[in-house]
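**Student:** Sharing data-v1.txt, compact mmCIF, C-alpha atoms and all ligand atoms:
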```txt
# COMPACT_ATOMS: atom_id res chain seq x y z
CA MET G 1 57.63 112.36 87.87
CA SER G 2 60.61 110.15 88.59
CA SER G 3 61.11 108.77 85.12
CA LYS G 4 62.33 105.23 84.52
CA GLN G 5 65.73 106.66 83.83
CA HIS G 6 65.98 107.83 87.44
CA GLN G 7 64.65 104.68 89.01
CA ILE G 8 66.52 103.62 92.11
CA ILE G 9 66.64 99.83 92.22
CA GLY G 10 66.97 97.82 95.40
CA SER G 11 65.07 96.63 98.43
CA SER G 12 67.82 95.91 100.95
CA ALA G 13 67.37 97.33 104.42
CA ALA G 14 70.37 99.60 103.90
CA LEU G 15 68.95 101.07 100.70
CA LYS G 16 65.41 101.42 102.03
CA GLU G 17 66.65 103.35 105.03
CA THR G 18 68.58 105.72 102.78
CA LEU G 19 65.64 106.18 100.42
CA ALA G 20 63.36 107.01 103.34
CA LYS G 21 65.80 109.73 104.44
CA ALA G 22 65.98 111.12 100.91
CA LYS G 23 62.18 111.28 100.67
CA LYS G 24 61.88 113.06 103.99
CA VAL G 25 64.52 115.66 103.28
CA ALA G 26 63.09 116.23 99.79
CA LYS G 27 60.09 117.89 101.43
CA THR G 28 62.34 120.52 102.97
CA VAL G 29 64.75 123.06 101.46
CA LEU G 30 67.63 122.10 103.75
CA PRO G 31 71.00 121.74 102.05
CA VAL G 32 71.85 118.05 101.65
CA LEU G 33 75.30 116.50 101.69
CA ILE G 34 75.41 113.11 99.98
CA THR G 35 78.45 110.97 100.67
CA GLY G 36 79.36 107.49 99.56
CA GLU G 37 82.02 105.54 97.73
CA SER G 38 82.50 106.05 94.05
CA GLY G 39 79.63 104.69 91.98
CA THR G 40 77.12 104.32 94.84
CA GLY G 41 74.55 106.57 93.16
CA LYS G 42 75.24 110.01 94.64
CA GLU G 43 74.17 111.82 91.50
CA LEU G 44 71.15 109.56 91.10
CA PHE G 45 70.05 110.35 94.66
CA ALA G 46 70.52 114.09 94.15
CA GLN G 47 68.22 113.90 91.13
CA PHE G 48 65.78 111.79 93.13
CA ILE G 49 65.60 114.37 95.93
CA HIS G 50 64.94 117.08 93.38
CA ASP G 51 62.26 114.99 91.64
CA GLN G 52 60.54 114.34 94.97
CA SER G 53 60.65 117.97 96.03
CA ARG G 54 58.25 120.83 95.39
CA ARG G 55 60.87 122.14 92.99
CA ALA G 56 60.49 119.16 90.66
CA GLN G 57 59.13 121.28 87.82
CA LYS G 58 61.99 123.78 88.16
CA PRO G 59 65.52 123.23 86.85
CA PHE G 60 67.94 120.65 88.23
CA VAL G 61 71.46 121.78 87.43
CA ALA G 62 74.53 119.68 88.19
CA VAL G 63 78.13 120.81 88.15
CA ASN G 64 81.15 118.59 88.64
CA CYS G 65 83.60 120.69 90.62
CA ALA G 66 86.42 118.23 89.91
CA ALA G 67 86.00 118.36 86.14
CA ILE G 68 86.21 122.13 85.63
CA PRO G 69 89.56 123.94 85.98
CA ALA G 70 89.64 126.11 89.11
CA GLU G 71 90.00 129.35 87.16
CA LEU G 72 86.87 128.64 85.09
CA LEU G 73 84.73 127.28 87.90
CA GLU G 74 83.96 130.68 89.42
CA ALA G 75 82.70 132.10 86.11
CA GLU G 76 80.77 128.92 85.52
CA LEU G 77 79.04 129.08 88.90
CA PHE G 78 78.45 132.83 89.23
CA GLY G 79 78.35 133.93 85.59
CA TYR G 80 80.18 136.97 84.22
CA LYS G 81 79.75 140.38 82.68
CA LYS G 82 80.79 141.19 79.14
CA GLY G 83 84.47 142.19 79.12
CA ALA G 84 85.20 140.74 82.58
CA PHE G 85 88.06 138.77 81.05
CA SER G 86 89.30 138.06 77.55
CA GLY G 87 86.76 135.78 75.93
CA ALA G 88 83.81 137.25 77.88
CA VAL G 89 82.16 138.62 74.76
CA SER G 90 78.71 138.91 76.31
CA ASP G 91 77.01 138.64 79.70
CA LYS G 92 76.46 135.08 80.84
CA ASP G 93 74.33 133.67 83.63
CA GLY G 94 76.06 131.34 86.04
CA LEU G 95 74.74 127.98 87.16
CA PHE G 96 73.29 129.44 90.37
CA VAL G 97 71.08 131.72 88.28
CA GLN G 98 70.24 128.93 85.85
CA ALA G 99 69.11 126.80 88.80
CA HIS G 100 66.96 129.63 90.24
CA GLY G 101 63.82 128.19 91.82
CA GLY G 102 65.25 124.68 91.50
CA THR G 103 68.17 122.62 92.71
CA LEU G 104 71.92 122.93 92.17
CA LEU G 105 74.08 119.85 92.64
CA LEU G 106 77.65 120.70 93.57
CA ASP G 107 79.16 117.34 92.68
CA GLU G 108 82.62 116.36 93.94
CA ILE G 109 82.48 119.35 96.29
CA GLY G 110 85.58 118.01 98.07
CA ASP G 111 87.58 119.07 95.01
CA MET G 112 86.48 122.70 95.15
CA PRO G 113 89.42 125.10 95.52
CA LEU G 114 89.63 126.76 98.96
CA GLN G 115 89.43 130.27 97.57
CA LEU G 116 86.16 129.48 95.80
CA GLN G 117 84.80 127.84 98.93
CA ALA G 118 84.74 131.29 100.58
CA LYS G 119 82.59 132.62 97.77
CA ILE G 120 80.21 129.67 97.88
CA LEU G 121 79.84 130.21 101.61
CA ARG G 122 78.78 133.78 100.97
CA VAL G 123 76.13 132.72 98.44
CA LEU G 124 74.72 130.24 100.92
CA GLN G 125 74.63 132.84 103.67
CA GLU G 126 73.31 135.79 101.70
CA GLY G 127 71.30 134.05 98.98
CA GLU G 128 72.86 136.27 96.33
CA VAL G 129 75.57 135.96 93.69
CA ARG G 130 77.88 138.47 92.09
CA PRO G 131 78.83 137.57 88.50
CA VAL G 132 82.53 138.00 87.67
CA GLY G 133 83.10 141.64 86.70
CA ALA G 134 79.70 142.80 88.02
CA LYS G 135 79.11 145.56 90.57
CA ALA G 136 75.64 144.50 91.59
CA VAL G 137 74.60 141.27 93.24
CA GLN G 138 71.69 139.13 92.13
CA LYS G 139 69.23 137.33 94.42
CA VAL G 140 68.97 133.59 93.86
CA ASP G 141 66.72 130.96 95.39
CA VAL G 142 68.48 127.66 94.97
CA ARG G 143 68.34 124.42 96.91
CA ILE G 144 71.87 123.10 97.31
CA ILE G 145 72.76 119.45 97.21
CA SER G 146 76.41 118.57 97.39
CA ALA G 147 78.07 115.23 96.86
CA THR G 148 81.50 113.80 97.50
CA HIS G 149 83.32 110.54 98.10
CA ARG G 150 85.71 112.40 100.41
CA ASP G 151 85.43 112.92 104.14
CA LEU G 152 84.89 116.68 104.42
CA THR G 153 85.18 116.69 108.19
CA GLU G 154 88.59 115.07 107.98
CA MET G 155 89.55 117.49 105.21
CA ALA G 156 88.52 120.35 107.46
CA VAL G 157 90.81 119.07 110.22
CA GLU G 158 93.63 119.02 107.68
CA LYS G 159 92.64 122.57 106.62
CA LYS G 160 91.90 121.40 103.09
CA PHE G 161 88.24 122.34 103.34
CA ARG G 162 86.55 125.21 105.19
CA GLU G 163 84.91 123.95 108.33
CA ASP G 164 82.21 126.64 108.24
CA LEU G 165 81.28 125.53 104.73
CA VAL G 166 81.02 121.91 105.87
CA PHE G 167 78.44 123.02 108.45
CA ARG G 168 76.52 124.98 105.84
CA LEU G 169 76.45 122.15 103.31
CA LYS G 170 75.59 119.52 105.85
CA GLY G 171 72.11 120.70 106.66
CA TYR G 172 71.20 117.05 106.34
CA ALA G 173 73.65 114.26 105.63
CA ILE G 174 72.94 111.12 103.64
CA ASN G 175 75.57 108.41 103.40
CA LEU G 176 74.90 105.94 100.62
CA PRO G 177 75.61 102.31 101.48
CA SER G 178 78.29 100.52 99.50
CA LEU G 179 77.03 97.93 97.05
CA ARG G 180 78.63 95.08 99.04
CA ASP G 181 76.36 96.02 101.94
CA ARG G 182 73.17 95.80 99.89
CA GLY G 183 72.85 92.01 99.86
CA HIS G 184 70.52 90.68 97.20
CA ASP G 185 70.16 94.10 95.56
CA ILE G 186 73.33 93.16 93.69
CA VAL G 187 71.53 90.43 91.77
CA LYS G 188 68.45 92.62 91.30
CA LEU G 189 70.54 95.40 89.83
CA ALA G 190 72.42 92.99 87.58
CA ARG G 191 69.12 91.64 86.22
CA ALA G 192 67.77 95.16 85.73
CA PHE G 193 70.85 96.21 83.78
CA LEU G 194 70.42 93.22 81.46
CA LYS G 195 66.69 93.92 81.04
CA SER G 196 67.26 97.56 80.22
CA ARG G 197 69.24 96.62 77.14
CA ASP G 198 67.55 95.45 73.98
CA ASP G 199 70.55 93.27 73.15
CA PHE G 200 70.57 91.35 76.47
CA THR G 201 66.92 91.01 77.49
CA SER G 202 67.05 87.21 77.31
CA THR G 203 70.40 86.85 79.08
CA GLY G 204 70.12 85.28 82.54
CA LEU G 205 72.45 84.70 85.47
CA SER G 206 73.62 81.24 86.50
CA ARG G 207 73.64 80.28 90.17
CA ASP G 208 77.43 80.43 90.27
CA ALA G 209 77.33 83.88 88.75
CA GLN G 210 74.87 85.06 91.39
CA THR G 211 77.01 83.66 94.18
CA LEU G 212 80.06 85.36 92.79
CA LEU G 213 78.24 88.69 92.40
CA MET G 214 77.15 88.48 96.03
CA HIS G 215 80.67 87.75 97.24
CA TYR G 216 82.72 90.20 95.24
CA HIS G 217 83.58 93.40 97.13
CA TRP G 218 82.67 95.87 94.35
CA PRO G 219 85.11 98.72 94.95
CA GLY G 220 83.50 100.63 92.05
CA ASN G 221 80.00 99.84 93.33
CA ILE G 222 76.95 100.11 91.03
CA ARG G 223 78.86 101.62 88.14
CA GLU G 224 81.36 98.76 88.25
CA LEU G 225 78.55 96.20 88.46
CA GLN G 226 76.88 97.72 85.43
CA ASN G 227 80.08 97.61 83.39
CA VAL G 228 80.99 94.07 84.44
CA ILE G 229 77.52 92.67 83.77
CA LEU G 230 77.23 94.16 80.32
CA ALA G 231 80.74 93.05 79.37
CA ALA G 232 80.07 89.52 80.66
CA ALA G 233 76.79 89.47 78.72
CA VAL G 234 78.73 89.99 75.52
CA ASP G 235 80.77 86.85 76.22
CA ALA G 236 77.90 84.68 77.42
CA THR G 237 75.94 82.91 74.73
CA ARG G 238 72.88 82.44 76.94
CA ASN G 239 73.30 82.71 80.70
CA ILE G 240 76.12 84.58 82.36
CA GLY G 241 78.29 82.18 84.33
CA ALA G 242 80.90 82.89 86.99
CA GLU G 243 83.60 82.29 84.38
CA HIS G 244 82.26 85.18 82.26
CA LEU G 245 82.26 87.55 85.23
CA VAL G 246 85.75 86.69 86.44
CA GLU G 247 87.11 87.74 83.04
CA HIS G 248 85.93 91.29 83.68
CA LEU G 249 86.70 91.71 87.37
CA PRO G 250 89.92 93.65 87.85
CA ASP G 251 90.49 92.12 91.28
CA ALA G 252 89.77 88.59 90.12
CA ILE G 253 92.57 87.25 92.29
CA ASP G 254 90.82 88.56 95.35
CA VAL G 255 87.39 87.34 94.45
CA GLU G 256 86.26 85.26 97.31
CA ASP G 257 85.98 81.59 96.56
CA PRO G 258 82.29 81.31 95.66
CA SER G 259 82.25 77.93 97.32
CA MET G 260 83.00 79.56 100.66
CA SER G 261 79.44 80.09 101.74
CA VAL G 262 78.49 76.49 100.97
CA ARG G 263 81.56 75.33 102.88
CA GLU G 264 80.68 77.51 105.81
CA ARG G 265 77.21 76.10 105.90
CA ILE G 266 78.54 72.54 105.73
CA THR G 267 80.93 73.31 108.58
CA SER G 268 78.25 74.74 110.82
CA ALA G 269 75.82 71.89 110.06
CA LEU G 270 78.50 69.35 110.99
CA GLN G 271 79.35 71.36 114.07
CA GLU G 272 75.75 71.23 115.25
CA SER G 273 75.18 67.56 114.53
CA GLY G 274 78.56 65.94 114.96
CA SER G 275 78.21 63.84 111.82
CA LEU G 276 75.81 63.68 108.88
CA ALA G 277 75.17 61.69 105.75
CA LEU G 278 75.09 63.38 102.37
CA VAL G 279 71.28 63.27 102.12
CA GLU G 280 70.97 64.86 105.55
CA LEU G 281 73.28 67.67 104.53
CA GLN G 282 71.31 68.11 101.34
CA SER G 283 68.02 68.57 103.13
CA ARG G 284 69.53 70.89 105.74
CA LEU G 285 71.39 73.11 103.31
CA LYS G 286 68.71 73.03 100.61
CA THR G 287 71.51 72.84 98.09
CA PRO G 288 71.80 70.29 95.26
CA LYS G 289 73.51 67.06 96.24
CA ALA G 290 76.11 67.44 93.49
CA THR G 291 77.15 70.87 94.78
CA ILE G 292 77.46 69.65 98.35
CA HIS G 293 79.36 66.60 97.20
CA ARG G 294 81.81 68.72 95.24
CA HIS G 295 82.57 70.92 98.24
CA LEU G 296 82.68 68.00 100.65
CA SER G 297 85.25 66.25 98.47
CA GLY G 298 87.39 69.37 98.61
CA MET G 299 87.03 69.57 102.35
CA VAL G 300 87.93 65.91 102.78
CA ALA G 301 90.96 66.37 100.51
CA GLU G 302 92.10 69.35 102.54
CA GLY G 303 91.71 67.41 105.78
CA ASP G 304 88.95 69.62 107.22
CA VAL G 305 86.30 66.88 107.06
CA THR G 306 86.53 63.14 107.60
CA ARG G 307 84.56 60.56 105.67
CA SER G 308 83.72 57.20 107.21
CA MET G 309 81.42 54.35 106.19
CA VAL G 310 78.57 53.53 108.54
CA SER G 311 76.25 50.69 107.43
CA GLY G 312 77.51 51.09 103.91
CA GLN G 313 76.76 54.79 103.82
CA PRO G 314 79.36 57.56 103.87
CA ILE G 315 79.10 59.80 106.94
CA PHE G 316 80.88 63.11 107.21
CA ALA G 317 82.22 64.84 110.29
CA LEU G 318 84.55 67.70 111.07
CA ALA G 319 88.15 66.61 111.37
CA GLU G 320 89.64 66.68 114.86
CA SER G 321 91.61 69.81 114.03
CA GLN G 322 88.35 71.63 113.24
CA CYS G 323 86.57 70.66 116.44
CA GLY G 324 88.96 72.25 118.88
CA GLY G 325 90.75 70.04 121.34
CA ALA G 326 91.54 70.64 124.95
CA GLU G 327 94.57 72.70 123.95
CA LEU G 328 93.72 75.26 121.31
CA GLN G 329 96.56 76.30 119.05
CA LEU G 330 95.98 79.48 117.07
CA THR G 331 98.41 80.94 114.60
CA GLN G 332 99.67 84.44 115.21
CA ARG G 333 97.37 85.75 112.51
CA GLN G 334 94.37 83.99 114.05
CA GLU G 335 95.23 85.51 117.41
CA GLN G 336 95.36 88.92 115.75
CA ALA G 337 91.99 88.26 114.12
CA VAL G 338 90.41 87.44 117.48
CA ALA G 339 91.99 90.51 119.08
CA LEU G 340 90.71 92.75 116.29
CA THR G 341 87.23 91.28 116.53
CA ARG G 342 87.24 91.89 120.26
CA ALA G 343 88.36 95.49 119.74
CA HIS G 344 85.64 96.14 117.13
CA GLY G 345 82.92 94.14 118.84
CA ARG G 346 81.95 92.70 115.47
CA ILE G 347 83.90 92.16 112.28
CA THR G 348 83.11 91.15 108.69
CA ARG G 349 85.34 89.18 106.36
CA GLN G 350 86.01 92.29 104.33
CA GLU G 351 86.97 94.32 107.41
CA LEU G 352 89.31 91.62 108.64
CA ALA G 353 90.91 91.35 105.21
CA GLU G 354 91.51 95.11 105.18
CA ALA G 355 92.77 95.26 108.75
CA LEU G 356 95.27 92.45 108.26
CA GLY G 357 96.16 93.26 104.68
CA ILE G 358 95.16 89.81 103.43
CA SER G 359 92.83 88.72 100.64
CA ILE G 360 89.16 88.19 101.33
CA ARG G 361 89.60 84.54 100.52
CA THR G 362 92.27 84.17 103.19
CA SER G 363 90.26 86.22 105.64
CA SER G 364 87.27 83.93 105.04
CA ARG G 365 89.42 80.84 105.61
CA GLU G 366 90.75 82.19 108.88
CA ILE G 367 87.29 83.14 110.06
CA SER G 368 85.92 79.71 109.15
CA ALA G 369 88.76 78.10 111.07
CA LEU G 370 88.11 80.34 114.09
CA VAL G 371 84.37 79.63 113.93
CA ALA G 372 85.10 75.91 113.75
CA VAL G 373 87.08 76.05 116.99
CA GLY G 374 84.53 78.31 118.67
CA ALA G 375 86.85 81.32 118.93
CA LEU G 376 84.45 83.38 116.79
CA THR G 377 80.69 83.15 116.52
CA PRO G 378 78.70 84.13 113.41
CA ASP G 379 75.95 86.68 114.02
CA GLY G 380 73.51 84.95 111.69
CA GLN G 381 73.64 87.49 108.84
CA VAL G 382 74.46 86.00 105.49
CA GLY G 383 76.85 86.67 102.64
CA ARG G 384 78.95 89.77 102.76
CA MET G 385 76.90 91.21 105.61
CA ALA G 386 77.84 88.30 107.84
CA GLY G 387 79.54 89.51 110.98
CA TYR G 388 81.43 87.66 113.68
CA HIS G 389 82.04 88.30 117.32
CA VAL G 390 84.29 86.69 119.84
CA GLY G 391 82.89 83.34 120.89
CA ASN G 392 82.36 81.99 124.39
CA GLN G 393 85.02 79.41 123.81
CA THR G 394 86.58 78.65 127.18
CA ASN G 395 89.71 76.85 126.05
CA LEU G 396 91.26 79.91 124.41
CA PRO G 397 94.82 80.37 125.54
CA HIS G 398 94.67 82.19 128.86
CA SER G 399 96.55 85.22 127.59
CA MET G 400 93.92 85.81 124.90
CA ALA G 401 90.82 85.42 126.95
CA HIS G 402 91.63 88.61 128.86
CA GLN G 403 93.60 90.46 126.28
CA HIS G 404 92.70 94.09 125.64
CA THR G 405 93.92 95.80 122.54
CA ASN G 406 94.05 99.23 121.06
CA HIS G 407 93.46 98.07 117.55
CA GLY G 408 90.27 100.10 117.12
CA ARG G 409 90.05 102.23 114.00
N1 LIG G 501 70.12 102.00 93.13
C1 LIG G 501 70.37 102.15 91.82
N2 LIG G 501 69.51 101.66 90.91
C2 LIG G 501 69.77 101.78 89.59
N3 LIG G 501 70.84 102.37 89.07
C3 LIG G 501 71.73 102.89 89.93
C4 LIG G 501 71.53 102.81 91.35
N4 LIG G 501 72.58 103.44 91.93
C5 LIG G 501 73.39 103.86 90.94
N5 LIG G 501 72.89 103.54 89.73
C6 LIG G 501 73.52 103.81 88.43
O1 LIG G 501 74.93 103.62 88.62
C7 LIG G 501 75.68 104.61 87.95
C8 LIG G 501 76.52 105.38 88.93
O2 LIG G 501 75.68 106.21 89.73
P1 LIG G 501 76.07 107.71 90.08
O3 LIG G 501 76.76 108.37 88.92
O4 LIG G 501 74.87 108.37 90.63
O5 LIG G 501 77.14 107.41 91.22
P2 LIG G 501 78.12 108.40 91.98
O6 LIG G 501 78.08 108.02 93.40
O7 LIG G 501 77.78 109.80 91.62
O8 LIG G 501 79.50 107.98 91.36
P3 LIG G 501 80.90 108.81 91.35
O9 LIG G 501 81.38 108.90 92.75
O10 LIG G 501 81.78 107.95 90.52
O11 LIG G 501 80.59 110.14 90.74
C9 LIG G 501 74.66 105.47 87.21
O12 LIG G 501 74.51 104.96 85.91
C10 LIG G 501 73.39 105.27 88.01
O13 LIG G 501 72.24 105.48 87.25
MG MG G 502 78.97 111.30 90.74
```
Show this structure as structure tokens.

**Tutor:**
Amino acid sequence: MSSKQHQIIGSSAALKETLAKAKKVAKTVLPVLITGESGTGKELFAQFIHDQSRRAQKPFVAVNCAAIPAELLEAELFGYKKGAFSGAVSDKDGLFVQAHGGTLLLDEIGDMPLQLQAKILRVLQEGEVRPVGAKAVQKVDVRIISATHRDLTEMAVEKKFREDLVFRLKGYAINLPSLRDRGHDIVKLARAFLKSRDDFTSTGLSRDAQTLLMHYHWPGNIRELQNVILAAAVDATRNIGAEHLVEHLPDAIDVEDPSMSVRERITSALQESGSLALVELQSRLKTPKATIHRHLSGMVAEGDVTRSMVSGQPIFALAESQCGGAELQLTQRQEQAVALTRAHGRITRQELAEALGISIRTSSREISALVAVGALTPDGQVGRMAGYHVGNQTNLPHSMAHQHTNHGR
């Protein structure tokens, strides 16, 4: 039933939860409103719900409300009678009638003109359409799925969308998770895109490439991933490396330093143990010695880590500045970061970057610094999902320990 073409790839908790909702609502005829950022798979999910429903053998018709000029959209949706307007040389069924018995996807519903919204509302209430130029109405039985990347409720407040229509469309709401919140699905999808193409079946992904994929913020979500992977595959002779990906990422400047997660893990291992030898770090981090060594050298050069010889063996420890002294000095931005985290309860690197208007790389640095001094505590999630909350650090400046803010969004 659901052909390979419609396969939804991914096994992250966020995706599984969404899929479970889609399966449940597919068994009903409730209208479904699918929201999500651009490229998250709204159309794919609409098709999936149809395929999983009792209407699977009936038509699935999709219309992109943003792509059709307002004056044509009504005729397109409701059909018309011969002579209704110049060019109407014969009767034509609208998409509602074409979808009879099946499902109609009103894609980009947020872009539907207000005046047409009133007519759509009537169809949903009465279950009948009146073609342009017709006297009589026609009964239709159509399951409505609508999709948009806009916030209809907010649009309704601004009077840009009818509130009563929002209620009608939102029989059941499904919000698709952004790709950056789907963890390892990113790599799975990337591999699947390569596999699906005859020309790239033997192309693999290097470790660096995987790390970078997991750390990039994917504003264009799955569609962007698909484009970037295939373009990088053209450049790669065998395996795709981080350098091939960076070429095709529009926000390359903002790509988080892929070394960040290794550095974070080194920092927290040193925090726990005080000091460690290279081999000890290697076994704790389960990361090749060469990789750890490369990052350690950087950290030593930047003054975050100290290197000392003990019995002829180099031992690494966090530099004094990273351990937090009796008197903790935070920069203004770090203070802001702590205040924001307190206001939100929990914050991710991406959220902090957005809130402060800084790059993800800078946001990650600040968070690492705050974690190192105990001002923030990681919540144990990894990669982009990693969240931080305000630590139990007692030597925070007095003013901050009790500060309340109104920074909530
Ligand atoms: N989980 C997934 N598994 C496999 N392919 C996916 C998945 N999600 C999306 N895709 C693919 O990504 C592309 C974008 O998906 P789709 O067009 O459904 O997104 P959208 O949310 O409607 O995007 P837009 O907001 O830009 O219209 C499609 O080629 C789709 O098949
Ligand atoms: Mg779409």

**Student:** Using only C-alpha atoms, pick whichever of G:Pro378, G:Leu194, G:Arg361, G:Pro113 has the shortest atom-to-atom distance to G:Pro69.

**Tutor:**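 Result for the nearest residue to G:Pro69: G:Pro113.
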
**Student:** Could you tell me, counting only C-alpha atoms and all ligand atoms, which protein and nucleic acid residues lie no more than 12 Å from ligand MG 502 (chain G), written as a ChimeraX atom specification?

**Tutor:** /G:34-47,62-67,105-110,146-150,176,220-223

**Student:** I'd like the contact shell of G:Leu30 - 8 Å cut-off, all atoms listed in the file, skipping same-chain residues fewer than 2 positions apart - returned as JSON, numbers by chain.

**Tutor:** {"G": [25, 28, 32, 143, 144, 171, 172]}

**Student:** If the box runs along x, y and z of the file and leaves 6 Å on each side of ligand LIG 501 (chain G), what are its centre and edge lengths in Å, one decimal, as AutoDock Vina command-line options?

**Tutor:**
```
--center_x 75.6 --center_y 105.9 --center_z 89.7 --size_x 24.3 --size_y 20.5 --size_z 19.5
```

**Student:** Have a look at G:Leu352, G:Ala372, G:Leu114, G:Val234 and name the one nearest to G:Glu272; count only C-alpha atoms.

**Tutor:** G:Ala372

**Student:** Could you tell me how far atom CA of G:Met214 sits from atom CA of G:Ile358, in Å to one decimal place?

**Tutor:**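 Separating atom CA of G:Ile358 from atom CA of G:Met214 is a distance of 19.5 Å.
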
**Student:** Distance atom N4 of ligand LIG 501 (chain G)-atom CA of G:Ala231, one decimal place?

**Tutor:**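 Interatomic distance here is 18.2 Å.
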
**Student:** Considering all atoms listed in the file, return as a JSON list (two decimals) with C-alpha atoms, in the coordinates of the input whatever protein or nucleic-acid residues lie within 12 Å of G:Asp235, sequence-local ones (same chain, fewer than 5 positions apart) excluded.

**Tutor:**
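Written out: selection.json:
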```json
[["chain", "number", "residue", "atom", "x", "y", "z"],
["G", 200, "PHE", "CA", 70.57, 91.35, 76.47],
["G", 203, "THR", "CA", 70.40, 86.85, 79.08],
["G", 228, "VAL", "CA", 80.99, 94.07, 84.44],
["G", 229, "ILE", "CA", 77.52, 92.67, 83.77],
["G", 230, "LEU", "CA", 77.23, 94.16, 80.32],
["G", 240, "ILE", "CA", 76.12, 84.58, 82.36],
["G", 241, "GLY", "CA", 78.29, 82.18, 84.33],
["G", 242, "ALA", "CA", 80.90, 82.89, 86.99],
["G", 243, "GLU", "CA", 83.60, 82.29, 84.38],
["G", 244, "HIS", "CA", 82.26, 85.18, 82.26],
["G", 245, "LEU", "CA", 82.26, 87.55, 85.23],
["G", 246, "VAL", "CA", 85.75, 86.69, 86.44],
["G", 247, "GLU", "CA", 87.11, 87.74, 83.04],
["G", 248, "HIS", "CA", 85.93, 91.29, 83.68]]
```
